[in-house]
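Novice: Let me give you the structure first, and then I'll get to my questions.
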Amino acid sequence: MFAHRHLLGIEQLAASDITEILDLADSYVTLGRQRDKHVEKLRGLTQINLFFENSTRTQASFELAGKRLGADVMNMAVQASSMRKGETLIDTALTLNAMHPDLLVVRHQSSGAVALLAEKVNCAVLNAGDGRHEHPTQALLDALTIRRRKGRLQRLTIAICGDIANSRVARSNILCLNKMENRVRVIAPPTLLPAGIERFGVEVFTDMAAGLKDCDVVMMLRIQNERLTGAAVPSTREYFHRWGLTAEKLSAAKDDAIVMHPGPMNRGVEIDAEVADDINRSVIQEQVEMGVAVRMAVLELLAENLGGAA
Amino acid sequence: MTPAPLYFTNARLIDPATGYDGPGALKASRGLIDEVVRGTSPTPTDGTVIDCSGLPLAPGIIDMRVFVGEPGARHRESFRSAGEAAAAGGVTTFVAQPETDPPLDDPALVQFALSRARDVSSVRVHAMGALTRGLKGAEITEQQFLLDAGAVALTDGDHAVADAKVLRACMAYAGSLDALIVHHPQEPSLSRGACATSGEFASRLGLPSVPAIAERMMLERDLAMVESTGARYHADMLSTSGALAPLLRARDSGLKVTAGVSIHHLTLNEFDIADYRTFFKMAPPLRAETDREAVVTALAEGLIDVIVSSHLPQDEEAKRLPFEEAATGAVGLETFLPACLRLVHDGRLSLLRLFECAALRPAQILGLPSGRLTAGAPADLILLDPNAPFILDRTTLRSRSKNTPFDRQRMQGRVKGTWVAGRQVFAE
């Protein structure tokens, strides 16, 4: 029984919540492959996608998810630079709240900002990414992808590779995969490992060959260009040489290991085009499809928990 | 007309100067302590008599690190409101920091701040002058003129002077004036943009963080320069265990080095940030519990000299922001005593040691005659009930800003009365 008012992070979810979301999402994968992709579960409800940080893909995924469920969906992009920071957040929250939305999907560049906003509004809030903190629907769609490909979501060895320090995707995935009882590894340059990572319940590697050995799943992370110019990593080419996923490095993993990436990819930086496009290994396109299904499931479960006033 | 003397009878005298904690009485007149009697209290025949009923009577607290919004941000805190908060917290003297707008880097500004303060504040107010022009860390200020204008020390407040050459010049120049340099040891190239201490907890919250070593690094650099210049140096707030070894080394080798710690770093740790509670956003950030333990021990054992409130008022809007964007700092004047008493109730600090760190040592470092129960010292006194329980309601705070980390927390111990120069400025 999913008993949450908001989805702020994986941290607040129990393993049973995750299973419930994924089970429901499975049915929406099926629906999404039919000609008629509509189900009127959110009919009459208003969903606002409030993005303080640009994201075409996540916003489109949430928009499609809401529309397929029959909600009225509005997109709002707030350029942080055009207004004074912070004032925007609370003021915008109160303004939107007055429009009586039922579901508010929020992305913000500051960790904790979505939780702060959730305190100020009466509707259900979905975290679509807050700073370096959490990106729960990404972890859930990754979990769904893994479960469908591997037939299970436990006792797998999963390596998360790249800019762990600055990645909310990594944090949410570590939490999610640990809750589902997997063996989680992180592989990164020492400068891109967050302090205390060894206490996250993960095995820590700085070497790809060692970290990828016998893995079932290889999750690559996107690395921002500004980290590749000497601040954290000497150069793009040295990064690719040491941590870029190539077929050769991937050969250390299990033969049937799958390769994931949250997108958008930097081909030739964190992942070689050959691996990214390998239809036998790469599930990157499938992740996008799972994204819509998982977001439909989460929207529906949160809508079911809306109070009578909604 | 000679004003009538003031008697405190049946008190538990807490005198850190002599190490006396026991029954006694105290007589004050003309703003000074006249006489201190140990043991059974005599029965006065004239003047005002305050029967302390066995409660502790101690020297008023001297708070070396207080940010007031004058000039420039009076909506956050004025000298009047800061004075009221101080009196209620048992603080009879505070030292305003030069981080104002404009900063106190000019003798006229120091004079202005002090005259404003003395007109409206019910407690004694001193000020520190800026160490560098505009607190920018590039050019040294007119130290002699600032001291002549009344500055008790020179500091750039929360700004660490990154350029070693500049700070070295400040120290060398100050040596010729015997001026006290107060510095905030925090390596700015590591702390820039950080709002938490590096570690598992900050990483889980996804907050930009500064490693604890940033404090030790800057302190070690400073101490090397103290050694070569012979300056009088005070590290304003130490908060990490790593900084304690270099401090001890400097102390053992006879350098004129003292150190403070804020009440927040003594009583709170990084976990208090919890779900991004901005009232717990401090600079330096709250530390690991092992660091808190280490600084409490260092304070109890005498390595750290002084407790400060690091009172930093912020308006509501500045704290109603995502954690990374929110303002740093907390108000601390009014909660100074009850917060410190947590350490006493935990058995970590005796009342005597508390008042040594909060009254006597600050007075000695700043060259003030107060901070002790000695005939001839100013009659700056507080009467306290160390056990009175209460729950703090931040809306009742006297500061203009209410950004306390102790809101709705259980506190034990409060001030019954505060006297400055023998005049009562606060009564419960």
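Chain identifiers are assigned as A, B, and so on, following the order in which chains appear in the structure tokens; residues are numbered from 1 within each chain, and ligands are numbered from 1 in order of appearance.
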Write out as a list in words the residues lying within 9 Å of His184 (chain B), counting only C-alpha atoms and excluding same-chain residues fewer than 4 positions away.

Specialist: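 Here the qualifying residues turn out to be Thr155, Asp156, Gly157, Asp158, His159, Ala160, Val161, Glu215, Met218, Leu219, His234, Ala235, Asp236, Met237 and Leu238 of chain B.
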
Novice: May I have the selected residues written with N, CA and C atoms, as a compact mmCIF listing (two decimals), in the first residue's frame?

Specialist:
```txt
# COMPACT_ATOMS: atom_id res chain seq x y z
N THR B 155 40.06 42.66 13.09
CA THR B 155 39.62 41.41 12.49
C THR B 155 38.90 41.69 11.20
N ASP B 156 38.83 40.70 10.34
CA ASP B 156 37.98 40.79 9.17
C ASP B 156 36.73 39.93 9.34
N GLY B 157 36.41 39.59 10.59
CA GLY B 157 35.19 38.84 10.86
C GLY B 157 35.19 37.50 10.18
N ASP B 158 34.12 37.21 9.46
CA ASP B 158 33.99 35.93 8.79
C ASP B 158 34.93 35.77 7.60
N HIS B 159 35.54 36.87 7.18
CA HIS B 159 36.41 36.79 6.01
C HIS B 159 37.81 36.38 6.44
N ALA B 160 38.28 35.27 5.93
CA ALA B 160 39.66 34.89 6.18
C ALA B 160 40.54 35.65 5.19
N VAL B 161 41.68 36.12 5.67
CA VAL B 161 42.61 36.80 4.76
C VAL B 161 43.40 35.73 4.02
N GLU B 215 40.23 24.31 8.13
CA GLU B 215 40.46 25.11 9.34
C GLU B 215 41.90 24.95 9.83
N MET B 218 44.59 26.71 7.56
CA MET B 218 44.72 28.16 7.72
C MET B 218 45.33 28.48 9.08
N LEU B 219 44.95 27.72 10.09
CA LEU B 219 45.50 27.97 11.43
C LEU B 219 47.01 27.72 11.44
N HIS B 234 44.47 35.79 17.97
CA HIS B 234 43.33 35.05 18.52
C HIS B 234 42.57 34.41 17.36
N ALA B 235 42.45 33.07 17.40
CA ALA B 235 41.65 32.36 16.39
C ALA B 235 40.20 32.46 16.85
N ASP B 236 39.36 33.12 16.03
CA ASP B 236 38.03 33.49 16.56
C ASP B 236 37.15 32.31 16.90
N MET B 237 37.16 31.30 16.03
CA MET B 237 36.30 30.14 16.30
C MET B 237 36.97 28.90 15.75
N LEU B 238 37.32 28.00 16.63
CA LEU B 238 37.82 26.70 16.17
C LEU B 238 36.69 25.70 16.34
```

Novice: Quick one: which residues from chain B are at most 10 Å off chain A, using only C-alpha atoms, as a PyMOL selection string?

Specialist: chain B and resi 197-211+275-277+317-326

Novice: Please measure the separation of CA of Leu109 (chain B) and CA of Met128 (chain B), giving the value in Å to one decimal.

Specialist: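 Straight-line distance from CA of Leu109 (chain B) to CA of Met128 (chain B) works out to 11.0 Å.
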
Novice: Please identify all polymer residues within 9 Å of region 68-76 of chain A, counting only C-alpha atoms, omitting same-chain residues fewer than 4 positions from it, and present them as a list in words.

Specialist: Gly32, Lys37, His38, Val39, Glu40, Lys41, Leu42, Arg43, Gly44, Leu45, Thr46, Gln47, Ile48, Asn49, Leu50, Phe51, Phe52, Gln59, Glu63, Leu64, Met296, Leu299 and Glu300 of chain A

Novice: When DSSP works through the backbone of this structure, what residues of region 10-212 of chain A end up as strand (DSSP E), shown as number ranges by chain?

Specialist: A: 46-51, 72-77, 103-108, 124-130, 157-161, 183-187, 203-205

Novice: For the selection just defined, write its residues with N, CA and C atoms to a file, as a tab-separated table (two decimals), in the first residue's frame.

Specialist:
```tsv
chain	number	residue	atom	x	y	z
A	46	THR	N	-5.11	18.55	-12.28
A	46	THR	CA	-4.16	19.46	-12.93
A	46	THR	C	-2.74	19.12	-12.50
A	47	GLN	N	-1.88	18.96	-13.46
A	47	GLN	CA	-0.46	18.66	-13.19
A	47	GLN	C	0.37	19.82	-13.73
A	48	ILE	N	1.21	20.38	-12.86
A	48	ILE	CA	2.09	21.45	-13.31
A	48	ILE	C	3.54	20.95	-13.25
A	49	ASN	N	4.23	21.09	-14.34
A	49	ASN	CA	5.66	20.76	-14.38
A	49	ASN	C	6.45	22.05	-14.20
A	50	LEU	N	7.06	22.17	-13.05
A	50	LEU	CA	7.75	23.41	-12.71
A	50	LEU	C	9.26	23.16	-12.76
A	51	PHE	N	9.89	23.66	-13.79
A	51	PHE	CA	11.31	23.37	-13.99
A	51	PHE	C	12.15	24.63	-13.85
A	72	ASP	N	-4.79	17.49	-16.93
A	72	ASP	CA	-4.45	18.74	-17.61
A	72	ASP	C	-3.02	19.07	-17.22
A	73	VAL	N	-2.14	19.14	-18.18
A	73	VAL	CA	-0.71	19.33	-17.88
A	73	VAL	C	-0.25	20.70	-18.35
A	74	MET	N	0.40	21.39	-17.45
A	74	MET	CA	0.96	22.69	-17.83
A	74	MET	C	2.46	22.67	-17.55
A	75	ASN	N	3.25	23.17	-18.47
A	75	ASN	CA	4.69	23.26	-18.26
A	75	ASN	C	5.07	24.67	-17.90
A	76	MET	N	5.90	24.79	-16.88
A	76	MET	CA	6.37	26.12	-16.51
A	76	MET	C	7.88	26.07	-16.35
A	77	ALA	N	8.56	26.81	-17.15
A	77	ALA	CA	10.02	26.87	-17.03
A	77	ALA	C	10.38	28.20	-16.39
A	103	LEU	N	-1.02	17.97	-8.78
A	103	LEU	CA	0.29	17.33	-8.83
A	103	LEU	C	1.30	18.35	-9.33
A	104	LEU	N	2.37	18.48	-8.58
A	104	LEU	CA	3.39	19.45	-8.95
A	104	LEU	C	4.71	18.70	-9.14
A	105	VAL	N	5.21	18.76	-10.35
A	105	VAL	CA	6.48	18.10	-10.67
A	105	VAL	C	7.55	19.18	-10.69
A	106	VAL	N	8.58	19.03	-9.85
A	106	VAL	CA	9.53	20.13	-9.69
A	106	VAL	C	10.97	19.67	-9.90
A	107	ARG	N	11.67	20.47	-10.67
A	107	ARG	CA	13.12	20.30	-10.75
A	107	ARG	C	13.76	21.61	-10.33
A	108	HIS	N	14.80	21.52	-9.51
A	108	HIS	CA	15.47	22.73	-9.02
A	108	HIS	C	16.96	22.45	-8.87
A	124	ALA	N	0.27	17.27	-4.16
A	124	ALA	CA	1.35	16.28	-4.15
A	124	ALA	C	2.53	16.82	-4.95
A	125	VAL	N	3.73	16.63	-4.42
A	125	VAL	CA	4.92	17.13	-5.10
A	125	VAL	C	5.81	15.96	-5.51
A	126	LEU	N	6.24	15.99	-6.76
A	126	LEU	CA	7.18	14.98	-7.26
A	126	LEU	C	8.51	15.64	-7.52
A	127	ASN	N	9.53	15.06	-6.97
A	127	ASN	CA	10.86	15.57	-7.20
A	127	ASN	C	11.37	15.07	-8.56
A	128	ALA	N	11.60	16.01	-9.46
A	128	ALA	CA	12.15	15.64	-10.77
A	128	ALA	C	13.64	15.96	-10.82
A	129	GLY	N	14.25	16.03	-9.63
A	129	GLY	CA	15.68	16.31	-9.55
A	129	GLY	C	15.94	17.57	-8.75
A	130	ASP	N	16.63	17.44	-7.60
A	130	ASP	CA	16.98	18.62	-6.80
A	130	ASP	C	18.49	18.63	-6.54
A	157	THR	N	24.85	-7.59	-9.39
A	157	THR	CA	26.01	-6.72	-9.17
A	157	THR	C	25.94	-5.58	-10.17
A	158	ILE	N	25.86	-4.36	-9.63
A	158	ILE	CA	25.60	-3.21	-10.48
A	158	ILE	C	26.67	-2.15	-10.24
A	159	ALA	N	27.31	-1.72	-11.30
A	159	ALA	CA	28.34	-0.69	-11.18
A	159	ALA	C	27.80	0.64	-11.70
A	160	ILE	N	27.99	1.68	-10.90
A	160	ILE	CA	27.61	3.03	-11.33
A	160	ILE	C	28.92	3.78	-11.57
A	161	CYS	N	29.09	4.30	-12.78
A	161	CYS	CA	30.40	4.83	-13.16
A	161	CYS	C	30.33	6.29	-13.57
A	183	ARG	N	24.12	-5.74	-5.01
A	183	ARG	CA	25.49	-5.40	-4.66
A	183	ARG	C	25.87	-4.21	-5.55
A	184	VAL	N	26.09	-3.08	-4.92
A	184	VAL	CA	26.29	-1.85	-5.69
A	184	VAL	C	27.76	-1.43	-5.62
A	185	ARG	N	28.30	-1.09	-6.77
A	185	ARG	CA	29.67	-0.57	-6.85
A	185	ARG	C	29.63	0.82	-7.45
A	186	VAL	N	30.57	1.64	-7.05
A	186	VAL	CA	30.75	2.90	-7.76
A	186	VAL	C	32.18	2.94	-8.29
A	187	ILE	N	32.31	3.46	-9.49
A	187	ILE	CA	33.63	3.59	-10.12
A	187	ILE	C	33.78	5.03	-10.59
A	203	GLU	N	30.66	-0.64	-2.79
A	203	GLU	CA	32.09	-0.90	-2.95
A	203	GLU	C	32.65	0.19	-3.86
A	204	VAL	N	33.79	0.72	-3.50
A	204	VAL	CA	34.33	1.87	-4.22
A	204	VAL	C	35.55	1.48	-5.05
A	205	PHE	N	35.51	1.84	-6.32
A	205	PHE	CA	36.63	1.56	-7.22
A	205	PHE	C	37.04	2.83	-7.94
```
